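One structure below.
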Amino acid sequence: MTASKILLLIIDGVGDRPCECLGGKTPLQAAKIPNLDKLASEGICGIMDPISAGIRAGSDTSHLSLLGYPPQKYYTGRGPLEAAGCGIKMLPGMIGFRANYATIDDKGIITDRRAGRISDTTEITAAVKNGVDLSKYGVEIEFAPGTGHRAALALKGKGLSAAVSTNDPKKTGAAQKTIIAEDSSAEAEFTAKVCNEFTRQAEEILKNHPVNLKRAKEGKLPANAVLIRGAGEMGIYEPFEEKHELSGSVVAAAALISGIGTSVGLEKIPVLPTTPLEEQVKLVIGELAKKDFVLFNIKNADEYGHDGKAEAKKDFLEKIDAAILPFFGIDGLLIAVCGDHSTPCTIKEHSADPVPLILHGDGVRTDGVSAYDEISCAKGAMCRICGGSLMPIMLDLIDKTHKYGA
């Protein structure tokens with residue numbers, strides 16, 4: 001029997017290095033994860049460089065690679081992918097930015113880059129979107145809320161460029177930067193001018209907005225400035241269903257990941273960072289009943305890696321392990337479990353360490369690996385592969401690969 005559907009389960013930032021507080025073990029090695037270990041013992045294992053050996057992959061470039069879209073060809077910056085994930089319909093040539101609300105004082109100095117971690121920006125985002133007028137430049141804007149203090153901006157018009165800087169000084173106690181062109185083109189100079197006008201008008205709109213006046217009255221920090229960064233021009237992606245002959249969905253709480261999914265043609269299934277893992281698993285199962293492929297990204301392990309919290313990362317991996325049990329009962333399912341990159345707690349940043357990989361399903365060869373962790377999987381029969389090989393391998397295992405040659 002051969003599997004017929006694919007679940008690509010990406011545990012964001014899963015890979016790690018030995019942690020002193022865990023007795024020299026990685027969070028995966030220290031965690032009690034019987035379900036993941038069962039997948040490893042019944043499947044075939046290996047380790048994977050999401051892009052290639054020695055490359056510190058971003059979540060954006062790694063997901064493109066794992067979905068079969070070489071980032072060297074397709075990646076144009078994080079901004080347009082984030083914008084797509086926030087619900088903006090990104091067309092080729094549009095310029096996208098990551099954005100977040102910040103707090104500035106009367107002198108224009110940033111006092112908080114996350115506006116007191118404001119939880120709902122729907123109303124103020126609508127005010128900025130509807131109030132900013134860039135018509136004198138022949139430019140239209142799309143501005144959409146993300147989760148918490150995050151948002152996304154997109155510019156549409158002629159003569160635009162993604163070669164512009166950010167107004168974010170990346171620290172508090174400093175004024176916003178003036179956005180400048182990053183090359184000598186007239187398009188970059190023009191776009192920088194447009195961006196500075198956007199941030200100026202947004203600030204004027206937010207200054208006396210009722211939401212911010214109420215926050216100030218309640219002793220909360222106002223969201224009275226917009227910081228933009230990560231400019232990129234939306235590219236052209238071959239639709240996933242045409243490229244791989246699979247229908248598909250993406251289930252991810254992170255806007256970036258859902259944006260990557262929708263950009264390549266996967267159906268976005270809305271979830272929030274607060275949606276319980278068990279509920280996310282139910283959504284995945286529902287999509288697998290209708291689709292050939294589901295990308296399921298689970299984020300929080302990466303956050304704990306960035307914060308250097310090895311114990312919390314271990315505990316969260318155990319929560320993931322418990323939540324995935326229902327996947328075992330799905331007939332004809334090929335399950336791939338991996339990370340998009342390693343985020344070691346010891347360095348609090350992405351690293352180039354390869355991530356552990358499992359392929360589990362009908363017809364898959366098995367090896368002697370019995371545990372899911374960085375060292376055990378390195379002994380598996382898959383050996384060491386690059387992320388760009390994962391999709392072809394999975395397609396072959398569900399008998400969707402076309403022969404190369406006669």
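Scheme for the structure tokens: letters A, B, ... for chains in order shown; per-chain residue numbers from 1; ligand numbers from 1 in order shown.
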
Note to self: Residues within 6 Å of range 86-102 of chain A, please, as a list of chain:residue names. Count only C-alpha atoms; anything in the same chain fewer than 5 positions from it doesn't count.
What the structure shows: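 In the requested form, the answer reads A:Gly79, A:Pro80, A:Asp112, A:Arg113, A:Arg114, A:Ala115, A:Gly146, A:His149, A:Arg150, A:Ala151, A:Ala152, A:Leu153, A:Ala154, A:Leu155, A:Lys156, A:Ala223, A:Ala225, A:Val226, A:Leu227, A:Ile228, A:Arg229, A:Gly230, A:Ala231, A:Gly232, A:Glu233, A:Met234, A:Gly235, A:Ile236, A:Ala255.
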
Note to self: Can you tell me which residues surround range 319-321 of chain A at a distance of at most 10 Å, considering only C-alpha atoms, apart from same-chain residues fewer than 3 positions away, and format the answer as a PyMOL selection string?
What the structure shows: chain A and resi 11+31-37+277-278+281+298+300-301+313-316+324-325

Note to self: Here is a test: counting only C-alpha atoms, which residue of A:Ala175, A:Val251, A:Ile335, A:Val132 is nearest to Pro270 in chain A?
What the structure shows: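 Checking each candidate against Pro270 in chain A, we get A:Val251 as the closest.
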
Next item on the list: Write down as a ChimeraX atom specification the residues of range 10-94 of chain A whose backbone DSSP state falls under strand (DSSP E or B).
Entry: /A:10-11,14-15,19,25,44-49

Once you have the residues from the selection above, write them out as an mmCIF file, in the first residue's frame, restricted to C-alpha atoms.
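The resulting file, selection-v8.cif, is shown below:
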data_model
loop_
_atom_site.group_PDB
_atom_site.id
_atom_site.type_symbol
_atom_site.label_atom_id
_atom_site.label_comp_id
_atom_site.auth_asym_id
_atom_site.auth_seq_id
_atom_site.Cartn_x
_atom_site.Cartn_y
_atom_site.Cartn_z
ATOM 1 C CA ILE A 10 6.974 21.934 10.696
ATOM 2 C CA ILE A 11 7.940 22.530 14.311
ATOM 3 C CA VAL A 14 12.860 22.771 16.668
ATOM 4 C CA GLY A 15 16.612 22.114 16.345
ATOM 5 C CA CYS A 19 21.854 23.007 27.058
ATOM 6 C CA LYS A 25 20.918 17.540 26.286
ATOM 7 C CA ILE A 44 12.638 6.642 8.131
ATOM 8 C CA CYS A 45 14.769 9.396 9.625
ATOM 9 C CA GLY A 46 17.545 11.762 8.716
ATOM 10 C CA ILE A 47 18.736 15.301 9.170
ATOM 11 C CA MET A 48 18.068 18.196 6.828
ATOM 12 C CA ASP A 49 19.648 21.504 5.923
#

Skip Gly259 in chain A itself and residues of its chain fewer than 4 positions away, then list as a compact mmCIF listing (two decimals) with N, CA, C and O atoms, in the first residue's frame all residues within 7 Å of it, counting only C-alpha atoms.
# COMPACT_ATOMS: atom_id res chain seq x y z
N LEU A 81 5.39 38.73 1.69
CA LEU A 81 4.85 37.48 2.22
C LEU A 81 4.07 37.74 3.51
O LEU A 81 3.02 37.16 3.75
N GLU A 82 4.61 38.64 4.35
CA GLU A 82 3.91 39.02 5.58
C GLU A 82 2.59 39.71 5.24
O GLU A 82 1.55 39.47 5.87
N ALA A 83 2.63 40.58 4.22
CA ALA A 83 1.42 41.29 3.81
C ALA A 83 0.36 40.31 3.33
O ALA A 83 -0.83 40.43 3.66
N ALA A 84 0.77 39.33 2.55
CA ALA A 84 -0.18 38.31 2.07
C ALA A 84 -0.78 37.55 3.24
O ALA A 84 -1.97 37.24 3.25
N GLY A 85 0.04 37.27 4.24
CA GLY A 85 -0.46 36.55 5.41
C GLY A 85 -1.42 37.36 6.24
O GLY A 85 -2.24 36.79 6.98
N ALA A 255 1.57 34.92 10.59
CA ALA A 255 1.16 35.55 9.33
C ALA A 255 2.15 35.28 8.21
O ALA A 255 1.77 35.07 7.06
N SER A 263 0.60 32.70 -1.00
CA SER A 263 1.33 33.22 -2.16
C SER A 263 1.57 32.14 -3.21
O SER A 263 1.58 32.42 -4.41

Note to self: Write out as a PyMOL selection string the set of residues from range 157-358 of chain A that DSSP, computed on the backbone, places in helix (DSSP H, G or I).
What the structure shows: chain A and resi 186-207+210-217+240-244+255-264+277-288+300-307+310-323+325-329

Check: Can you list, as a list of chain:residue names, every protein, DNA or RNA residue that comes within 7 Å of Ile110 in chain A when you count only C-alpha atoms, leaving out same-chain residues fewer than 2 positions away?
Finding: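 Returned residues: A:Thr103, A:Ile104, A:Asp105, A:Gly108, A:Asp112, A:Arg113, A:Thr172, A:Gly173, A:Ala174, A:Ala175.
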
Taking all heavy atoms for each residue, export the selection above as a PDB file, in the first residue's frame.
ATOM      1  N   THR A 103       5.173  53.343  20.216  1.00  0.00           N
ATOM      2  CA  THR A 103       4.807  54.522  20.990  1.00  0.00           C
ATOM      3  C   THR A 103       5.931  55.548  20.912  1.00  0.00           C
ATOM      4  O   THR A 103       7.105  55.210  21.136  1.00  0.00           O
ATOM      5  CB  THR A 103       4.573  54.159  22.472  1.00  0.00           C
ATOM      6  OG1 THR A 103       3.548  53.166  22.555  1.00  0.00           O
ATOM      7  CG2 THR A 103       4.168  55.376  23.281  1.00  0.00           C
ATOM      8  N   ILE A 104       5.572  56.783  20.572  1.00  0.00           N
ATOM      9  CA  ILE A 104       6.541  57.882  20.576  1.00  0.00           C
ATOM     10  C   ILE A 104       6.063  58.955  21.544  1.00  0.00           C
ATOM     11  O   ILE A 104       4.867  59.128  21.772  1.00  0.00           O
ATOM     12  CB  ILE A 104       6.743  58.488  19.172  1.00  0.00           C
ATOM     13  CG1 ILE A 104       5.414  58.986  18.590  1.00  0.00           C
ATOM     14  CG2 ILE A 104       7.390  57.467  18.229  1.00  0.00           C
ATOM     15  CD1 ILE A 104       5.563  59.728  17.278  1.00  0.00           C
ATOM     16  N   ASP A 105       7.014  59.694  22.125  1.00  0.00           N
ATOM     17  CA  ASP A 105       6.636  60.773  23.036  1.00  0.00           C
ATOM     18  C   ASP A 105       6.453  62.076  22.266  1.00  0.00           C
ATOM     19  O   ASP A 105       6.501  62.107  21.029  1.00  0.00           O
ATOM     20  CB  ASP A 105       7.671  60.912  24.161  1.00  0.00           C
ATOM     21  CG  ASP A 105       9.066  61.307  23.659  1.00  0.00           C
ATOM     22  OD1 ASP A 105       9.187  61.791  22.507  1.00  0.00           O
ATOM     23  OD2 ASP A 105      10.031  61.140  24.424  1.00  0.00           O
ATOM     24  N   GLY A 108       8.938  62.927  19.646  1.00  0.00           N
ATOM     25  CA  GLY A 108       9.147  61.984  18.557  1.00  0.00           C
ATOM     26  C   GLY A 108      10.104  60.854  18.887  1.00  0.00           C
ATOM     27  O   GLY A 108      10.546  60.127  17.992  1.00  0.00           O
ATOM     28  N   ASP A 112       8.483  52.800  23.190  1.00  0.00           N
ATOM     29  CA  ASP A 112       8.159  51.369  23.163  1.00  0.00           C
ATOM     30  C   ASP A 112       7.948  50.965  21.707  1.00  0.00           C
ATOM     31  O   ASP A 112       7.106  51.536  21.021  1.00  0.00           O
ATOM     32  CB  ASP A 112       6.905  51.072  23.986  1.00  0.00           C
ATOM     33  CG  ASP A 112       6.691  49.583  24.224  1.00  0.00           C
ATOM     34  OD1 ASP A 112       6.626  48.827  23.232  1.00  0.00           O
ATOM     35  OD2 ASP A 112       6.587  49.163  25.390  1.00  0.00           O
ATOM     36  N   ARG A 113       8.699  49.981  21.241  1.00  0.00           N
ATOM     37  CA  ARG A 113       8.611  49.568  19.837  1.00  0.00           C
ATOM     38  C   ARG A 113       7.409  48.674  19.563  1.00  0.00           C
ATOM     39  O   ARG A 113       7.151  48.326  18.412  1.00  0.00           O
ATOM     40  CB  ARG A 113       9.893  48.848  19.403  1.00  0.00           C
ATOM     41  CG  ARG A 113      11.116  49.742  19.369  1.00  0.00           C
ATOM     42  CD  ARG A 113      12.370  49.008  18.931  1.00  0.00           C
ATOM     43  NE  ARG A 113      12.247  48.451  17.601  1.00  0.00           N
ATOM     44  CZ  ARG A 113      12.116  47.153  17.348  1.00  0.00           C
ATOM     45  NH1 ARG A 113      12.068  46.270  18.346  1.00  0.00           N
ATOM     46  NH2 ARG A 113      12.034  46.718  16.103  1.00  0.00           N
ATOM     47  N   THR A 172      14.727  51.615  21.635  1.00  0.00           N
ATOM     48  CA  THR A 172      13.984  52.718  22.241  1.00  0.00           C
ATOM     49  C   THR A 172      14.954  53.840  22.589  1.00  0.00           C
ATOM     50  O   THR A 172      16.176  53.669  22.576  1.00  0.00           O
ATOM     51  CB  THR A 172      13.245  52.252  23.508  1.00  0.00           C
ATOM     52  OG1 THR A 172      14.204  51.694  24.422  1.00  0.00           O
ATOM     53  CG2 THR A 172      12.205  51.207  23.172  1.00  0.00           C
ATOM     54  N   GLY A 173      14.388  55.014  22.887  1.00  0.00           N
ATOM     55  CA  GLY A 173      15.228  56.163  23.227  1.00  0.00           C
ATOM     56  C   GLY A 173      15.804  56.862  22.015  1.00  0.00           C
ATOM     57  O   GLY A 173      16.688  57.712  22.147  1.00  0.00           O
ATOM     58  N   ALA A 174      15.315  56.510  20.838  1.00  0.00           N
ATOM     59  CA  ALA A 174      15.799  57.122  19.594  1.00  0.00           C
ATOM     60  C   ALA A 174      14.604  57.550  18.757  1.00  0.00           C
ATOM     61  O   ALA A 174      13.498  57.019  18.888  1.00  0.00           O
ATOM     62  CB  ALA A 174      16.666  56.142  18.815  1.00  0.00           C
ATOM     63  N   ALA A 175      14.847  58.531  17.889  1.00  0.00           N
ATOM     64  CA  ALA A 175      13.796  58.978  16.982  1.00  0.00           C
ATOM     65  C   ALA A 175      13.674  58.020  15.803  1.00  0.00           C
ATOM     66  O   ALA A 175      14.603  57.245  15.514  1.00  0.00           O
ATOM     67  CB  ALA A 175      14.102  60.383  16.482  1.00  0.00           C
TER      68      ALA A 175
END

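Comparing A:Glu42, A:Leu64, A:Ala381, A:Tyr372 by their smallest distance to Leu295 in chain A, the closest is A:Leu64 (using only C-alpha atoms).
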
Check: When distances are computed from only C-alpha atoms, which of A:Phe293, A:Tyr304, A:Phe198, A:Tyr404 shows the smallest separation from Leu334 in chain A?
Finding: A:Phe293

Note to self: My list of candidates is A:Asp340, A:Pro273, A:Ala322, A:Gly68. Which is closest to Pro239 in chain A when distances are computed with only C-alpha atoms?
What the structure shows: A:Gly68

Next item on the list: Might you pull out every residue within 10 Å of Leu390 in chain A, with only C-alpha atoms counted and same-chain residues fewer than 2 positions away left off, and present them as a list of chain:residue names?
Entry: A:Leu8, A:Met48, A:Pro50, A:Ser65, A:Leu66, A:Leu67, A:Gly68, A:Ala336, A:Leu357, A:Leu359, A:Ile385, A:Cys386, A:Gly387, A:Gly388, A:Pro392, A:Ile393, A:Met394, A:Leu395, A:Asp396

Residue subset to file, keeping N, CA, C and O atoms, as a PDB file, in the first residue's frame:
ATOM      1  N   LEU A   8       2.783  17.934   6.088  1.00  0.00           N
ATOM      2  CA  LEU A   8       4.111  18.471   6.373  1.00  0.00           C
ATOM      3  C   LEU A   8       4.009  19.246   7.682  1.00  0.00           C
ATOM      4  O   LEU A   8       3.492  20.367   7.719  1.00  0.00           O
ATOM      5  N   MET A  48      18.317  17.390   8.016  1.00  0.00           N
ATOM      6  CA  MET A  48      18.068  18.196   6.828  1.00  0.00           C
ATOM      7  C   MET A  48      18.594  19.617   7.017  1.00  0.00           C
ATOM      8  O   MET A  48      18.358  20.240   8.050  1.00  0.00           O
ATOM      9  N   PRO A  50      17.740  23.057   5.804  1.00  0.00           N
ATOM     10  CA  PRO A  50      16.572  23.627   5.126  1.00  0.00           C
ATOM     11  C   PRO A  50      16.875  24.272   3.776  1.00  0.00           C
ATOM     12  O   PRO A  50      16.067  24.194   2.853  1.00  0.00           O
ATOM     13  N   SER A  65      11.776  26.896   0.445  1.00  0.00           N
ATOM     14  CA  SER A  65      12.599  25.753   0.047  1.00  0.00           C
ATOM     15  C   SER A  65      11.868  24.438   0.287  1.00  0.00           C
ATOM     16  O   SER A  65      11.825  23.563  -0.586  1.00  0.00           O
ATOM     17  N   LEU A  66      11.250  24.293   1.460  1.00  0.00           N
ATOM     18  CA  LEU A  66      10.579  23.043   1.807  1.00  0.00           C
ATOM     19  C   LEU A  66       9.351  22.796   0.948  1.00  0.00           C
ATOM     20  O   LEU A  66       8.951  21.647   0.750  1.00  0.00           O
ATOM     21  N   LEU A  67       8.749  23.863   0.436  1.00  0.00           N
ATOM     22  CA  LEU A  67       7.583  23.711  -0.441  1.00  0.00           C
ATOM     23  C   LEU A  67       7.970  23.522  -1.898  1.00  0.00           C
ATOM     24  O   LEU A  67       7.101  23.383  -2.766  1.00  0.00           O
ATOM     25  N   GLY A  68       9.265  23.511  -2.171  1.00  0.00           N
ATOM     26  CA  GLY A  68       9.726  23.268  -3.536  1.00  0.00           C
ATOM     27  C   GLY A  68       9.916  24.519  -4.363  1.00  0.00           C
ATOM     28  O   GLY A  68       9.954  24.443  -5.600  1.00  0.00           O
ATOM     29  N   ALA A 336       5.416  14.006   7.378  1.00  0.00           N
ATOM     30  CA  ALA A 336       6.796  14.479   7.446  1.00  0.00           C
ATOM     31  C   ALA A 336       6.899  15.420   8.635  1.00  0.00           C
ATOM     32  O   ALA A 336       6.114  16.369   8.748  1.00  0.00           O
ATOM     33  N   LEU A 357      14.566  15.005  10.913  1.00  0.00           N
ATOM     34  CA  LEU A 357      13.497  14.749   9.949  1.00  0.00           C
ATOM     35  C   LEU A 357      12.955  13.335  10.113  1.00  0.00           C
ATOM     36  O   LEU A 357      13.721  12.384  10.281  1.00  0.00           O
ATOM     37  N   LEU A 359      10.021  10.734   8.093  1.00  0.00           N
ATOM     38  CA  LEU A 359       8.996  10.447   7.086  1.00  0.00           C
ATOM     39  C   LEU A 359       8.309   9.155   7.515  1.00  0.00           C
ATOM     40  O   LEU A 359       8.964   8.116   7.673  1.00  0.00           O
ATOM     41  N   ILE A 385      19.974  15.483   3.942  1.00  0.00           N
ATOM     42  CA  ILE A 385      19.463  16.031   2.691  1.00  0.00           C
ATOM     43  C   ILE A 385      19.305  17.548   2.824  1.00  0.00           C
ATOM     44  O   ILE A 385      19.387  18.104   3.923  1.00  0.00           O
ATOM     45  N   CYS A 386      19.077  18.212   1.713  1.00  0.00           N
ATOM     46  CA  CYS A 386      18.771  19.640   1.739  1.00  0.00           C
ATOM     47  C   CYS A 386      17.257  19.811   1.603  1.00  0.00           C
ATOM     48  O   CYS A 386      16.550  18.927   1.101  1.00  0.00           O
ATOM     49  N   GLY A 387      16.760  20.958   2.055  1.00  0.00           N
ATOM     50  CA  GLY A 387      15.330  21.186   2.082  1.00  0.00           C
ATOM     51  C   GLY A 387      14.674  21.122   0.714  1.00  0.00           C
ATOM     52  O   GLY A 387      13.513  20.715   0.593  1.00  0.00           O
ATOM     53  N   GLY A 388      15.400  21.512  -0.325  1.00  0.00           N
ATOM     54  CA  GLY A 388      14.845  21.474  -1.664  1.00  0.00           C
ATOM     55  C   GLY A 388      14.559  20.074  -2.164  1.00  0.00           C
ATOM     56  O   GLY A 388      13.815  19.898  -3.140  1.00  0.00           O
ATOM     57  N   PRO A 392      10.262  16.691  -3.548  1.00  0.00           N
ATOM     58  CA  PRO A 392      10.367  15.576  -4.504  1.00  0.00           C
ATOM     59  C   PRO A 392      10.343  14.207  -3.833  1.00  0.00           C
ATOM     60  O   PRO A 392       9.739  13.265  -4.363  1.00  0.00           O
ATOM     61  N   ILE A 393      10.983  14.093  -2.671  1.00  0.00           N
ATOM     62  CA  ILE A 393      10.992  12.809  -1.961  1.00  0.00           C
ATOM     63  C   ILE A 393       9.576  12.445  -1.509  1.00  0.00           C
ATOM     64  O   ILE A 393       9.129  11.300  -1.660  1.00  0.00           O
ATOM     65  N   MET A 394       8.865  13.417  -0.952  1.00  0.00           N
ATOM     66  CA  MET A 394       7.490  13.147  -0.500  1.00  0.00           C
ATOM     67  C   MET A 394       6.578  12.809  -1.678  1.00  0.00           C
ATOM     68  O   MET A 394       5.745  11.901  -1.585  1.00  0.00           O
ATOM     69  N   LEU A 395       6.743  13.523  -2.785  1.00  0.00           N
ATOM     70  CA  LEU A 395       5.928  13.236  -3.964  1.00  0.00           C
ATOM     71  C   LEU A 395       6.182  11.812  -4.476  1.00  0.00           C
ATOM     72  O   LEU A 395       5.263  11.114  -4.891  1.00  0.00           O
ATOM     73  N   ASP A 396       7.434  11.400  -4.420  1.00  0.00           N
ATOM     74  CA  ASP A 396       7.764  10.040  -4.851  1.00  0.00           C
ATOM     75  C   ASP A 396       7.102   9.005  -3.944  1.00  0.00           C
ATOM     76  O   ASP A 396       6.596   7.981  -4.417  1.00  0.00           O
TER      77      ASP A 396
END

Notebook entry, point to check: Got a sec: who's within 9 Å of Asp133 in chain A, counting only C-alpha atoms, leaving out chain neighbours fewer than 6 positions off, as JSON, numbers by chain?
Noted result: {"A": [139, 140, 141, 198, 201]}
